[in-house]
>>> print(open('coords_20.txt').read())   # compact mmCIF, C-alpha atoms
# COMPACT_ATOMS: atom_id res chain seq x y z
CA MET A 1 0.00 0.00 0.00
CA SER A 2 1.52 3.29 -1.00
CA VAL A 3 0.74 6.47 0.89
CA ALA A 4 0.32 9.71 -1.01
CA MET A 5 2.99 12.28 -0.16
CA VAL A 6 2.37 15.97 0.43
CA THR A 7 4.93 18.75 -0.02
CA LEU A 8 4.65 21.95 1.95
CA LYS A 9 6.86 24.71 3.34
CA ILE A 10 7.53 25.15 7.05
CA ASP A 11 9.44 28.32 7.95
CA GLY A 12 10.56 28.52 4.33
CA VAL A 13 11.94 24.96 4.28
CA GLU A 14 10.40 22.49 1.86
CA VAL A 15 9.13 19.35 3.59
CA THR A 16 7.59 16.17 2.14
CA VAL A 17 5.52 14.00 4.46
CA PRO A 18 2.78 11.35 4.10
CA GLU A 19 -0.77 12.62 3.63
CA GLY A 20 -2.64 13.09 6.89
CA THR A 21 0.46 14.02 8.91
CA THR A 22 -0.10 16.93 11.30
CA ILE A 23 1.85 20.17 10.93
CA LEU A 24 3.40 19.48 14.34
CA LYS A 25 4.74 16.09 13.27
CA ALA A 26 5.94 17.39 9.91
CA ALA A 27 7.78 20.23 11.64
CA LYS A 28 9.31 17.89 14.22
CA ASP A 29 10.54 15.51 11.50
CA SER A 30 12.44 18.38 9.89
CA GLY A 31 13.89 19.55 13.17
CA ILE A 32 11.57 22.48 13.82
CA ILE A 33 10.36 22.54 17.41
CA ILE A 34 6.92 23.99 18.07
CA PRO A 35 6.09 24.45 21.78
CA THR A 36 3.38 22.07 23.04
CA LEU A 37 1.69 21.22 26.29
CA CYS A 38 -1.43 19.10 25.87
CA ASN A 39 0.02 17.19 22.92
CA LEU A 40 1.88 13.99 23.59
CA GLU A 41 3.37 11.60 21.09
CA GLY A 42 1.45 8.31 21.29
CA LEU A 43 -1.87 9.91 22.29
CA THR A 44 -4.57 11.39 20.07
CA SER A 45 -4.49 15.15 19.46
CA TYR A 46 -6.60 17.31 21.73
CA GLY A 47 -5.81 20.87 20.63
CA GLY A 48 -6.67 22.35 24.00
CA CYS A 49 -3.64 24.34 25.18
CA ARG A 50 -3.20 26.53 22.07
CA LEU A 51 0.56 26.70 22.49
CA CYS A 52 1.30 25.07 19.14
CA LEU A 53 -0.63 27.72 17.20
CA VAL A 54 0.97 28.45 13.81
CA GLU A 55 0.29 30.85 10.96
CA ILE A 56 -0.62 29.60 7.52
CA ILE A 57 0.03 32.09 4.73
CA GLY A 58 -3.20 33.15 3.08
CA SER A 59 -5.38 32.66 6.17
CA PRO A 60 -6.05 35.28 8.84
CA LYS A 61 -6.70 32.52 11.40
CA LEU A 62 -4.15 30.74 13.56
CA PHE A 63 -4.13 26.94 13.52
CA PRO A 64 -3.20 24.42 16.22
CA ALA A 65 -0.30 22.50 14.64
CA CYS A 66 -1.13 19.34 16.59
CA ALA A 67 -4.62 19.06 15.09
CA THR A 68 -4.14 20.47 11.58
CA PRO A 69 -3.20 18.02 8.81
CA VAL A 70 -0.79 19.18 6.13
CA SER A 71 -1.92 19.94 2.59
CA THR A 72 -0.05 20.49 -0.66
CA GLY A 73 1.42 23.95 -1.14
CA MET A 74 0.75 24.98 2.45
CA GLU A 75 3.17 27.61 3.79
CA VAL A 76 3.47 27.44 7.56
CA ILE A 77 5.14 29.94 9.88
CA THR A 78 6.01 28.55 13.31
CA GLN A 79 7.91 31.51 14.78
CA SER A 80 6.82 35.14 14.66
CA ASN A 81 6.27 38.01 17.07
CA LYS A 82 2.53 37.54 16.76
CA LEU A 83 2.74 33.83 17.63
CA ARG A 84 5.13 34.55 20.46
CA GLU A 85 2.65 36.99 21.99
CA TYR A 86 -0.22 34.51 21.64
CA ARG A 87 1.85 31.73 23.20
CA LYS A 88 2.85 33.97 26.09
CA MET A 89 -0.80 34.86 26.57
CA ALA A 90 -1.82 31.17 26.55
CA VAL A 91 0.72 30.41 29.27
CA GLN A 92 -0.45 33.38 31.35
CA LEU A 93 -4.08 32.33 31.01
CA LEU A 94 -3.20 28.82 32.16
CA LEU A 95 -1.32 30.25 35.13
CA SER A 96 -4.19 32.54 36.11
CA GLU A 97 -7.07 30.06 35.72
CA ARG A 98 -6.48 28.10 38.93
CA THR A 99 -4.22 28.37 41.94
CA HIS A 100 -0.68 27.80 40.72
CA ILE A 101 1.94 28.55 43.35
CA CYS A 102 5.25 27.11 42.20
CA SER A 103 7.05 27.52 45.53
CA VAL A 104 4.69 25.09 47.28
CA CYS A 105 4.15 22.72 44.33
CA VAL A 106 5.59 19.20 44.14
CA ALA A 107 6.48 19.79 40.50
CA ASN A 108 8.47 23.00 41.04
CA ASP A 109 11.46 22.86 38.62
CA HIS A 110 10.00 19.76 36.92
CA CYS A 111 6.89 21.40 35.48
CA GLU A 112 6.24 21.76 31.76
CA LEU A 113 4.07 24.85 32.28
CA GLN A 114 6.77 26.52 34.34
CA SER A 115 9.50 25.68 31.85
CA LEU A 116 7.36 27.01 28.98
CA ALA A 117 6.91 30.24 30.93
CA ASN A 118 10.69 30.46 31.26
CA GLN A 119 11.33 29.72 27.59
CA LEU A 120 8.83 32.32 26.49
CA GLY A 121 10.08 34.94 28.97
CA VAL A 122 6.87 35.10 31.00
CA ASP A 123 8.12 36.87 34.14
CA HIS A 124 4.67 37.82 35.44
CA VAL A 125 0.99 37.22 34.66
CA ILE A 126 -0.94 40.18 33.29
CA PHE A 127 -4.33 38.63 34.07
CA GLU A 128 -5.91 38.78 37.48
CA ARG A 129 -5.88 35.30 38.98
CA ASN A 130 -9.00 33.38 39.85
CA TRP A 131 -7.61 31.89 43.08
CA THR A 132 -9.96 28.93 42.87
CA SER A 133 -10.24 26.32 45.59
CA GLU A 134 -10.69 22.90 44.01
CA GLU A 135 -11.03 19.43 45.50
CA ILE A 136 -7.93 17.43 46.33
CA ASP A 137 -8.36 13.64 46.33
CA SER A 138 -5.66 11.75 48.22
CA THR A 139 -7.76 8.70 49.06
CA HIS A 140 -5.88 6.39 46.69
CA ASP A 141 -3.06 4.35 48.25
CA PHE A 142 -0.37 6.44 46.58
CA LEU A 143 -1.85 8.54 43.76
CA VAL A 144 -2.94 12.09 44.56
CA ILE A 145 -4.84 14.57 42.44
CA ASP A 146 -4.70 18.29 43.33
CA ARG A 147 -7.18 19.90 40.98
CA ASN A 148 -5.95 23.39 41.87
CA ARG A 149 -2.90 22.68 39.74
CA CYS A 150 -4.77 21.02 36.88
CA ILE A 151 -4.58 22.78 33.52
CA LEU A 152 -7.19 20.52 31.87
CA CYS A 153 -4.80 19.28 29.19
CA THR A 154 -6.55 15.85 29.43
CA ARG A 155 -3.31 13.96 28.94
CA CYS A 156 -4.17 11.78 31.96
CA ILE A 157 -7.63 11.02 30.58
CA ARG A 158 -6.24 10.08 27.17
CA VAL A 159 -3.42 7.89 28.53
CA CYS A 160 -5.91 6.14 30.85
CA ASP A 161 -8.27 5.47 27.97
CA GLU A 162 -5.97 4.93 25.00
CA ILE A 163 -2.90 3.29 26.52
CA GLU A 164 -4.05 1.64 29.74
CA GLY A 165 -7.48 0.99 28.21
CA VAL A 166 -9.56 1.42 31.36
CA HIS A 167 -10.91 4.99 31.06
CA THR A 168 -11.08 5.55 34.81
CA LEU A 169 -10.40 9.24 34.38
CA GLU A 170 -12.94 11.50 32.71
CA LEU A 171 -13.85 15.15 32.54
CA LYS A 172 -17.00 16.52 34.13
CA LEU A 173 -18.58 19.94 33.54
CA ARG A 174 -17.29 22.49 31.03
CA GLY A 175 -15.03 25.48 30.72
CA LYS A 176 -13.46 26.77 33.92
CA ASP A 177 -15.65 24.42 36.00
CA ALA A 178 -14.29 21.31 34.28
CA GLN A 179 -12.82 18.69 36.61
CA VAL A 180 -10.93 15.47 36.15
CA ILE A 181 -12.95 12.74 37.89
CA MET A 182 -12.64 9.01 38.56
CA ASP A 183 -15.32 6.59 37.33
CA LEU A 184 -18.68 8.32 37.80
CA ASP A 185 -17.27 11.05 40.04
CA ASN A 186 -16.16 8.69 42.80
CA LEU A 187 -13.38 9.13 45.27
CA TRP A 188 -10.24 7.57 43.84
CA ILE A 189 -10.21 4.83 46.49
CA ASN A 190 -13.71 3.77 45.43
CA SER A 191 -12.83 3.51 41.76
CA CYS A 192 -13.38 -0.05 40.61
CA SER A 193 -11.73 0.44 37.21
CA CYS A 194 -8.42 2.12 38.21
CA THR A 195 -5.52 -0.32 37.82
CA SER A 196 -3.11 1.92 39.76
CA CYS A 197 -0.80 1.87 36.73
CA ARG A 198 0.60 5.38 37.51
CA LYS A 199 0.60 6.47 33.87
CA CYS A 200 -1.51 9.54 34.71
CA ALA A 201 1.11 10.69 37.21
CA LYS A 202 3.94 10.00 34.76
CA ILE A 203 2.53 12.14 31.99
CA CYS A 204 0.91 14.97 34.00
CA PRO A 205 2.76 18.08 32.74
CA VAL A 206 2.25 19.93 36.03
CA GLY A 207 1.93 18.88 39.67
CA ALA A 208 -1.76 17.96 39.54
CA ILE A 209 -1.39 14.17 39.67
CA TYR A 210 1.58 12.85 41.58
CA ILE A 211 2.69 9.87 43.65
CA GLU A 212 2.73 10.44 47.37
CA GLY A 213 6.19 10.29 48.86
CA GLU A 214 7.96 10.01 45.52
CA PRO A 215 9.94 12.90 44.01
CA VAL A 216 8.19 14.21 40.90
CA SER A 217 11.52 14.16 39.06
CA HIS A 218 11.50 10.39 39.55
CA THR A 219 7.83 9.89 38.60
CA LYS A 220 7.60 12.02 35.46
CA ASN A 221 8.23 10.24 32.20
CA LYS A 222 6.16 11.71 29.41
CA ASP A 223 7.78 9.41 26.82
CA ILE A 224 5.90 6.33 28.05
CA ALA A 225 2.89 6.94 25.80
CA GLU A 226 5.06 7.05 22.68
CA PHE A 227 7.17 4.12 23.90
CA ILE A 228 4.22 1.83 24.58
CA THR A 229 2.38 2.78 21.37
CA GLU A 230 5.47 2.12 19.28
CA ARG A 231 6.14 -1.26 20.91
CA ARG A 232 2.54 -2.32 20.43
CA GLN A 233 2.64 -1.39 16.76
CA ARG A 234 5.90 -3.25 16.33
CA LYS A 235 4.41 -6.36 17.94
CA ARG A 236 1.34 -6.15 15.70
CA ARG A 237 3.53 -6.04 12.58
CA GLN A 238 5.47 -9.15 13.61
CA MET B 1 18.03 38.01 52.14
CA SER B 2 18.51 36.88 48.57
CA PHE B 3 19.86 40.36 47.84
CA LEU B 4 22.75 39.51 50.17
CA ASP B 5 23.39 36.32 48.16
CA GLN B 6 25.21 38.54 45.70
CA ASP B 7 28.13 38.15 48.12
CA GLU B 8 31.32 39.91 46.95
CA LEU B 9 29.46 41.56 44.07
CA LEU B 10 27.79 43.70 46.73
CA VAL B 11 31.12 45.48 47.26
CA ASP B 12 31.17 46.68 43.64
CA LEU B 13 27.51 47.55 43.83
CA ALA B 14 27.95 49.56 47.02
CA LYS B 15 30.48 51.81 45.27
CA LYS B 16 27.95 52.74 42.61
CA VAL B 17 24.75 53.22 44.59
CA GLN B 18 23.50 55.16 47.53
CA LEU B 19 21.05 53.22 49.68
CA VAL B 20 18.39 55.66 50.76
CA TYR B 21 15.57 53.53 52.16
CA SER B 22 15.07 50.02 53.48
CA PRO B 23 13.10 48.29 56.24
CA ILE B 24 16.28 48.04 58.31
CA MET B 25 17.28 51.71 57.99
CA ASP B 26 16.32 54.32 60.53
CA ILE B 27 14.29 56.45 58.17
CA LYS B 28 10.58 57.13 58.67
CA THR B 29 9.41 58.50 55.32
CA PHE B 30 10.06 57.31 51.79
CA PRO B 31 12.57 59.70 50.15
CA LYS B 32 11.86 61.70 47.00
CA ASN B 33 13.52 61.32 43.56
CA VAL B 34 14.64 57.74 43.99
CA ASP B 35 16.18 56.13 40.89
CA VAL B 36 15.43 52.46 41.55
CA THR B 37 13.23 50.80 44.17
CA LEU B 38 13.14 47.05 44.74
CA VAL B 39 9.85 46.06 46.34
CA GLU B 40 9.52 42.63 47.89
CA GLY B 41 6.37 41.00 49.22
CA ALA B 42 2.78 41.13 48.01
CA VAL B 43 0.26 43.83 48.91
CA ALA B 44 -1.74 42.37 51.79
CA ASN B 45 -2.87 45.37 53.88
CA GLU B 46 -3.70 49.08 53.66
CA GLU B 47 -0.34 50.19 55.03
CA GLN B 48 1.58 48.22 52.42
CA LYS B 49 -0.68 49.57 49.71
CA SER B 50 -0.12 53.20 50.66
CA LEU B 51 3.64 52.71 51.05
CA LEU B 52 3.77 51.09 47.61
CA GLU B 53 1.81 53.93 46.06
CA GLN B 54 4.15 56.44 47.67
CA ALA B 55 7.21 54.53 46.49
CA ARG B 56 5.80 54.46 42.96
CA ALA B 57 5.14 58.19 42.96
CA GLN B 58 8.66 58.97 44.13
CA THR B 59 10.63 56.44 42.11
CA LYS B 60 11.77 56.38 38.47
CA ILE B 61 12.16 52.60 38.12
CA LEU B 62 10.14 50.28 40.33
CA ILE B 63 11.07 46.60 40.37
CA SER B 64 8.81 43.81 41.56
CA PHE B 65 11.28 41.71 43.52
CA GLY B 66 10.72 38.01 44.26
CA ASP B 67 7.74 35.72 43.80
CA CYS B 68 5.55 37.25 46.53
CA ALA B 69 5.75 40.61 44.80
CA VAL B 70 5.38 39.09 41.31
CA THR B 71 2.65 36.48 41.85
CA GLY B 72 1.40 36.85 45.43
CA ASN B 73 2.96 33.44 46.15
CA VAL B 74 2.34 31.95 49.61
CA THR B 75 0.95 35.21 51.04
CA ALA B 76 -1.82 35.02 48.45
CA LEU B 77 -2.84 31.46 49.34
CA ARG B 78 -5.62 32.95 51.49
CA ASN B 79 -7.20 34.41 48.34
CA ALA B 80 -8.79 31.03 47.70
CA TRP B 81 -10.90 31.41 50.87
CA SER B 82 -14.07 33.45 50.91
CA ASN B 83 -13.84 36.64 53.02
CA SER B 84 -10.16 35.85 53.20
CA ASP B 85 -9.24 38.96 55.25
CA GLN B 86 -11.40 37.89 58.19
CA ALA B 87 -10.86 34.18 57.66
CA VAL B 88 -7.08 34.46 57.84
CA LEU B 89 -7.20 36.42 61.11
CA GLU B 90 -9.54 33.89 62.65
CA LYS B 91 -7.36 31.01 61.48
CA ALA B 92 -4.26 32.60 62.97
CA TYR B 93 -5.52 34.13 66.20
CA VAL B 94 -8.58 32.06 67.15
CA GLU B 95 -8.47 28.58 65.64
CA ASN B 96 -4.77 28.01 66.22
CA SER B 97 -4.59 29.77 69.54
CA ASP B 98 -4.41 27.77 72.77
CA GLU B 99 -5.74 30.44 75.06
CA LYS B 100 -6.78 34.07 75.02
CA ALA B 101 -8.17 33.90 71.48
CA LEU B 102 -8.18 37.54 70.42
CA ILE B 103 -7.98 39.18 67.02
CA PRO B 104 -5.70 42.24 67.25
CA VAL B 105 -7.38 45.53 66.40
CA ASP B 106 -4.40 47.88 66.25
CA VAL B 107 -2.82 46.34 63.12
CA PRO B 108 -3.25 47.72 59.58
CA LYS B 109 -6.49 46.61 57.94
CA LEU B 110 -6.08 43.60 55.68
CA LEU B 111 -7.13 43.88 52.05
CA LYS B 112 -9.91 41.56 50.84
CA LYS B 113 -7.42 39.85 48.54
CA VAL B 114 -3.63 39.77 48.50
CA ARG B 115 -2.40 41.38 45.29
CA PRO B 116 0.84 41.19 43.35
CA LEU B 117 2.41 44.65 42.93
CA HIS B 118 1.52 45.13 39.28
CA GLU B 119 -2.20 44.86 40.10
CA VAL B 120 -1.84 47.94 42.33
CA VAL B 121 0.74 50.17 40.62
CA LYS B 122 2.74 50.25 37.39
CA VAL B 123 5.80 48.02 37.63
CA ASP B 124 8.80 48.53 35.33
CA TYR B 125 10.70 45.26 35.79
CA PHE B 126 10.04 41.88 37.33
CA ILE B 127 12.60 39.69 39.09
CA PRO B 128 10.69 36.47 39.82
CA GLY B 129 11.96 33.52 41.83
CA CYS B 130 11.48 32.03 45.25
CA PRO B 131 14.07 33.12 46.12
CA PRO B 132 15.21 35.20 43.12
CA SER B 133 18.69 34.13 42.05
CA ALA B 134 21.61 36.33 43.03
CA ALA B 135 22.89 36.26 39.45
CA LEU B 136 19.59 37.62 38.13
CA ILE B 137 19.41 40.37 40.75
CA ASN B 138 22.94 41.43 39.96
CA TYR B 139 22.33 41.30 36.21
CA VAL B 140 19.28 43.57 36.41
CA LEU B 141 20.97 46.10 38.71
CA THR B 142 24.19 46.13 36.66
CA GLU B 143 22.26 46.71 33.44
CA LEU B 144 20.22 49.51 34.98
CA LEU B 145 23.35 51.16 36.41
CA ALA B 146 24.93 51.05 32.96
CA GLY B 147 21.83 52.74 31.55
CA ARG B 148 20.73 49.67 29.61
CA THR B 149 17.41 47.83 29.55
CA PRO B 150 17.67 44.38 31.14
CA ASN B 151 16.49 41.58 28.86
CA MET B 152 14.72 38.97 30.99
CA GLU B 153 13.95 36.48 28.24
CA GLY B 154 15.48 33.08 28.99
CA ARG B 155 17.09 34.47 32.15
CA CYS B 156 14.37 34.39 34.75
CA LYS B 157 12.81 31.36 36.36
CA TYR B 158 9.09 31.65 36.83
CA GLY B 159 7.96 30.62 40.30
>>> encode(input="coords_20.txt", output="structure tokens")
Amino acid sequence: MSVAMVTLKIDGVEVTVPEGTTILKAAKDSGIIIPTLCNLEGLTSYGGCRLCLVEIIGSPKLFPACATPVSTGMEVITQSNKLREYRKMAVQLLLSERTHICSVCVANDHCELQSLANQLGVDHVIFERNWTSEEIDSTHDFLVIDRNRCILCTRCIRVCDEIEGVHTLELKLRGKDAQVIMDLDNLWINSCSCTSCRKCAKICPVGAIYIEGEPVSHTKNKDIAEFITERRQRKRRQ
Amino acid sequence: MSFLDQDELLVDLAKKVQLVYSPIMDIKTFPKNVDVTLVEGAVANEEQKSLLEQARAQTKILISFGDCAVTGNVTALRNAWSNSDQAVLEKAYVENSDEKALIPVDVPKLLKKVRPLHEVVKVDYFIPGCPPSAALINYVLTELLAGRTPNMEGRCKYG
């Protein structure tokens, strides 16, 4: 079976990739790094964090690179002052939505949101913070969820569903009220589907899900989704 | 304290600046025509708010210094409570008091919410960090003394 190839330009460089590839993947394959947060190799695209926004010449809109497939003749810009400002704004909105206080967070110095803020030069947040007070669930033997630190990237939900295959985690409500829940909004200890596999804690970009008593630097391993997916595909081909 | 982490660099700095106001100096009013003011801590009560406004009015360059000033940090944790100004006093002086539970009345009135500096006055530069790194503090001050604009991109650590 042959796959049709598509040729496009990313930051002025000509790239040829299989049809259906996302802009993010095409850029990555040619060594162009687009900042991401909710996206994770091995999981389906979600397009929620808006950090991977790119410009496409000829369109006034911005497009999420993780959820936009390439097309022939497309000219993509991944770095510009406009994009930089939008990305900085996205990070600041994420920081202001809930109660993020790095100095008392388990993920301080090992947080993807924090490191994106540093990369983008976000030294303060221009938006007034919401200072929300969300539920913390520490009933599980070792897994803890602090929803104050959750940025609703849904990585945990997707890894639970797509990789572990149990779909314990789900999202309830919408917008700023959205919450990550277990089963039908049970306490974690009462979840009958959770396998305690820890994948949610491993891929959480911030300090929202963590393992009690274990340093976050030791827990975090966001490559597991890609690793497991790749191995499974390899096994299937054999 | 993190200002003192500059160690021997403080000697060079001392030669170039005149320290005109600080919490540990015996001076009652904020001086006029100040070139640079480093403000640490968030704005939690009326007294701090008025001092900050005075500092802003009498300073050319005002720097938000450290995470409490930049984000509110731990001081702002009470913001998540409703009626946080009353709630925090009750927590501190009644709930956690063994005997003689009494909320002091002769202290400056707390603001409803703890604010980072830039929500109260215009801030020119931000030095985040908990604590802010000595290298960053020194970089910003050295650049300002040389008449240059400090470039914070890729230098500062958020939070």
>>> atom_distance(input="coords_20.txt", atom1="CA of Glu85 in chain A", atom2="CA of Tyr158 in chain B")
17.0 Å
>>> closest_residue(input="coords_20.txt", among="B:Thr59, B:Val107, B:Glu8, B:Val123", to="Val20 in chain B", atoms="only C-alpha atoms")
B:Thr59
>>> atom_distance(input="coords_20.txt", atom1="CA of Tyr139 in chain B", atom2="CA of Val17 in chain B")
14.8 Å
>>> interface_residues(input="coords_20.txt", of="chain A", to="chain B", cutoff="8 Å", atoms="only C-alpha atoms", output="PyMOL selection string")
chain A and resi 99+101-104+108+114-115+117-125+128+131-133
>>> atom_distance(input="coords_20.txt", atom1="CA of Leu113 in chain A", atom2="CA of Leu95 in chain A")
8.1 Å
